[in-house]
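Colleague: Structure file input_4.txt (compact mmCIF, C-alpha atoms) right here:
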# COMPACT_ATOMS: atom_id res chain seq x y z
CA MET I 1 -8.88 -2.25 -10.17
CA PHE I 2 -7.28 -3.69 -7.06
CA ILE I 3 -5.11 -1.40 -4.93
CA LEU I 4 -2.66 -3.27 -2.75
CA ASP I 5 -2.29 -1.71 0.69
CA THR I 6 1.15 -1.57 2.29
CA ASP I 7 0.56 -4.75 4.28
CA HIS I 8 -0.20 -6.76 1.13
CA ILE I 9 2.79 -5.29 -0.71
CA SER I 10 4.98 -6.43 2.20
CA LEU I 11 3.40 -9.89 2.19
CA PHE I 12 3.95 -10.20 -1.56
CA GLN I 13 7.58 -9.11 -1.18
CA ARG I 14 8.02 -11.85 1.44
CA ASN I 15 6.35 -14.42 -0.86
CA GLN I 16 3.34 -15.11 1.36
CA PRO I 17 1.68 -17.98 -0.54
CA HIS I 18 -1.94 -16.77 -0.69
CA VAL I 19 -1.04 -13.18 -1.55
CA SER I 20 1.60 -14.20 -4.10
CA ALA I 21 -0.77 -16.60 -5.85
CA ARG I 22 -3.55 -14.03 -6.08
CA VAL I 23 -1.25 -11.20 -7.22
CA LEU I 24 0.32 -13.39 -9.90
CA ALA I 25 -3.13 -14.55 -11.07
CA THR I 26 -4.42 -10.98 -11.42
CA PRO I 27 -3.87 -9.23 -14.76
CA PRO I 28 -1.17 -6.55 -14.24
CA LEU I 29 -3.41 -3.78 -15.59
CA GLU I 30 -5.93 -4.52 -12.81
CA LEU I 31 -3.29 -4.27 -10.08
CA ALA I 32 -1.88 -1.12 -8.48
CA THR I 33 -0.67 0.45 -5.29
CA THR I 34 -0.63 4.06 -4.12
CA ILE I 35 2.02 6.69 -3.71
CA ILE I 36 1.14 6.51 0.01
CA THR I 37 2.41 2.92 0.13
CA VAL I 38 5.55 3.97 -1.73
CA GLU I 39 6.10 6.67 0.88
CA GLU I 40 5.55 4.27 3.78
CA GLN I 41 7.91 1.63 2.41
CA LEU I 42 10.65 4.09 1.47
CA ARG I 43 10.47 5.76 4.87
CA GLY I 44 10.92 2.36 6.50
CA ARG I 45 13.83 1.39 4.25
CA LEU I 46 15.56 4.75 4.74
CA SER I 47 15.11 4.44 8.49
CA ARG I 48 16.89 1.07 8.38
CA VAL I 49 19.76 2.62 6.43
CA GLY I 50 20.08 5.33 9.08
CA GLN I 51 19.96 2.83 11.94
CA ALA I 52 22.52 0.38 10.52
CA LYS I 53 25.29 -0.22 13.07
CA THR I 54 27.44 -2.71 11.16
CA ASP I 55 28.79 -2.97 7.63
CA GLN I 56 26.63 -6.03 7.03
CA ALA I 57 23.50 -4.28 8.30
CA LEU I 58 24.21 -1.28 6.07
CA VAL I 59 24.77 -3.45 3.00
CA GLN I 60 21.53 -5.32 3.70
CA ALA I 61 19.61 -2.07 4.29
CA TYR I 62 20.77 -0.65 0.97
CA HIS I 63 19.98 -3.95 -0.76
CA ASN I 64 16.43 -3.80 0.62
CA LEU I 65 16.09 -0.16 -0.42
CA GLY I 66 17.19 -1.02 -3.96
CA ALA I 67 14.83 -4.00 -4.14
CA THR I 68 11.96 -1.78 -3.03
CA VAL I 69 12.73 0.83 -5.70
CA GLU I 70 12.87 -1.95 -8.32
CA PHE I 71 9.57 -3.39 -7.11
CA PHE I 72 7.74 -0.08 -7.47
CA GLN I 73 8.96 0.16 -11.05
CA SER I 74 7.05 -3.07 -11.78
CA ILE I 75 3.60 -2.02 -10.56
CA THR I 76 1.25 0.85 -11.33
CA VAL I 77 1.52 3.53 -8.65
CA ILE I 78 -1.53 5.76 -8.32
CA ASN I 79 -0.87 9.32 -7.29
CA PHE I 80 -2.68 11.35 -4.65
CA ASP I 81 -4.32 13.84 -6.99
CA ALA I 82 -6.94 16.59 -6.68
CA ALA I 83 -9.81 14.07 -6.91
CA ALA I 84 -8.33 12.02 -4.07
CA GLN I 85 -7.78 15.19 -2.03
CA ALA I 86 -11.44 16.13 -2.46
CA VAL I 87 -12.57 12.68 -1.29
CA PHE I 88 -10.06 12.85 1.57
CA ASN I 89 -11.52 16.16 2.72
CA GLN I 90 -15.05 14.69 2.62
CA LEU I 91 -13.94 11.65 4.63
CA ARG I 92 -12.07 13.78 7.14
CA ALA I 93 -15.20 15.90 7.65
CA GLN I 94 -17.00 12.70 8.71
CA LYS I 95 -14.50 12.39 11.59
CA LEU I 96 -13.75 8.75 10.85
CA ARG I 97 -11.44 7.09 13.34
CA LEU I 98 -8.72 6.17 10.87
CA GLY I 99 -5.07 7.07 10.46
CA THR I 100 -4.22 9.78 7.95
CA GLN I 101 -2.25 7.49 5.63
CA ASP I 102 -5.03 4.89 5.56
CA LEU I 103 -7.55 7.66 4.93
CA ARG I 104 -5.45 8.86 1.98
CA ILE I 105 -5.32 5.33 0.54
CA ALA I 106 -9.09 5.03 0.98
CA ALA I 107 -9.60 8.39 -0.74
CA ILE I 108 -7.49 7.32 -3.70
CA ALA I 109 -9.45 4.06 -3.98
CA LEU I 110 -12.83 5.79 -3.75
CA SER I 111 -11.83 8.42 -6.31
CA ARG I 112 -10.86 5.59 -8.71
CA GLN I 113 -13.72 3.25 -7.76
CA ALA I 114 -11.13 0.63 -6.84
CA THR I 115 -10.97 -2.14 -4.26
CA VAL I 116 -8.42 -1.90 -1.44
CA VAL I 117 -6.66 -5.19 -0.77
CA THR I 118 -5.65 -5.18 2.90
CA ARG I 119 -5.62 -7.17 6.12
CA ASN I 120 -6.67 -4.00 7.95
CA GLN I 121 -10.39 -4.70 7.70
CA GLN I 122 -11.10 -2.99 11.02
CA ASP I 123 -9.88 0.47 9.98
CA PHE I 124 -10.70 0.42 6.27
CA GLY I 125 -14.09 -1.09 7.10
CA ARG I 126 -15.05 2.22 8.73
CA VAL I 127 -14.95 4.03 5.39
CA PRO I 128 -18.42 4.23 3.81
CA LYS I 129 -18.72 2.67 0.34
CA LEU I 130 -15.09 1.49 0.31
CA VAL I 131 -14.75 -2.02 -1.10
CA ILE I 132 -12.07 -4.09 0.64
CA GLU I 133 -10.68 -7.61 0.24
CA ASP I 134 -8.09 -9.63 2.12
CA TRP I 135 -5.97 -11.87 -0.09
CA SER I 136 -3.82 -13.16 2.78
CA VAL I 137 -6.34 -15.84 3.71
CA GLY I 138 -6.98 -18.91 1.57
Translate this file's structure into structure tokens.
Modeller:
Amino acid sequence: MFILDTDHISLFQRNQPHVSARVLATPPLELATTIITVEEQLRGRLSRVGQAKTDQALVQAYHNLGATVEFFQSITVINFDAAAQAVFNQLRAQKLRLGTQDLRIAAIALSRQATVVTRNQQDFGRVPKLVIEDWSVG
């Protein structure tokens, strides 16, 4: 299974050629994202709604929020469950220099024996035994 990190979800939503081609060529049952990515994207979209200063900006912000909700209905979203929490606690005990959200995504991937698809090789590369790929390069 391939878990798309937030950066690759954003690239796919913006039709980045390499990411789009690879996502579309991957069987849907082998493709997923995490509830962490859903949280990150929705927080960003809701922030834009709250910051909108013009009618046009507000309409666009709500359009983007709706498109994001629709997108997440079209892909498997893996929850942060007890198994992921256990892996997260083990990783945190190792004092890895990694943001909490990235550590949660890594924990989900490790608990599911999945590959994280991300451009963030530097941070995710610090996680022992985590398999990562970058689909943004040709």
Colleague: In Å to one decimal, how far is atom CA of I:Val116 from atom CA of I:Glu133?
Modeller: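 Atom-to-atom, atom CA of I:Glu133 to atom CA of I:Val116, that is 6.4 Å.
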Colleague: Within 10 Å of stretch 12-17 of chain I, counting only C-alpha atoms, which residues show up once you throw out same-chain ones fewer than 6 positions away? Write them as a PDB file with C-alpha atoms, keeping the file's coordinate frame, please.
Modeller:
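Final output, saved to result36.pdb:
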ATOM      1  CA  LEU I   4      -2.660  -3.270  -2.750  1.00  0.00           C
ATOM      2  CA  THR I   6       1.150  -1.570   2.290  1.00  0.00           C
ATOM      3  CA  VAL I  23      -1.250 -11.200  -7.220  1.00  0.00           C
ATOM      4  CA  LEU I  24       0.320 -13.390  -9.900  1.00  0.00           C
ATOM      5  CA  ALA I  67      14.830  -4.000  -4.140  1.00  0.00           C
ATOM      6  CA  THR I  68      11.960  -1.780  -3.030  1.00  0.00           C
ATOM      7  CA  PHE I  71       9.570  -3.390  -7.110  1.00  0.00           C
ATOM      8  CA  TRP I 135      -5.970 -11.870  -0.090  1.00  0.00           C
ATOM      9  CA  SER I 136      -3.820 -13.160   2.780  1.00  0.00           C
ATOM     10  CA  VAL I 137      -6.340 -15.840   3.710  1.00  0.00           C
ATOM     11  CA  GLY I 138      -6.980 -18.910   1.570  1.00  0.00           C
TER      12      GLY I 138
END
Colleague: Got a sec: who's within 6 Å of I:Ile35, counting only C-alpha atoms, leaving out chain neighbours fewer than 4 positions off, as a PyMOL selection string?
Modeller: chain I and resi 77-79
Colleague: Show which residues sit within 8 Å of I:Ala61, as a PyMOL selection string. Count all atoms listed in the file, and ignore same-chain residues fewer than 5 positions away.
Modeller: chain I and resi 45-46+48-49+52
Colleague: By how many Å are atom CA of I:Ile105 and atom CA of I:Ser47 apart?
Modeller: 21.9 Å
Colleague: Counting all atoms listed in the file, which of I:Leu31, I:Ile9, I:Leu103, I:Ala86 gets nearest to I:Val127?
Modeller: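 Using all atoms listed in the file, I:Val127 sits closest to I:Leu103.
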Colleague: I want to know what sits within 12 Å of I:Phe124, based on all atoms listed in the file, with residues of the same chain fewer than 2 positions away left out; could you give that as an MDAnalysis selection string?
Modeller: chainID I and resid 5 91 96:107 109:110 115:122 126:134
Colleague: Distance atom CA of I:Val69-atom CA of I:Arg22, one decimal place?
Modeller: 22.0 Å
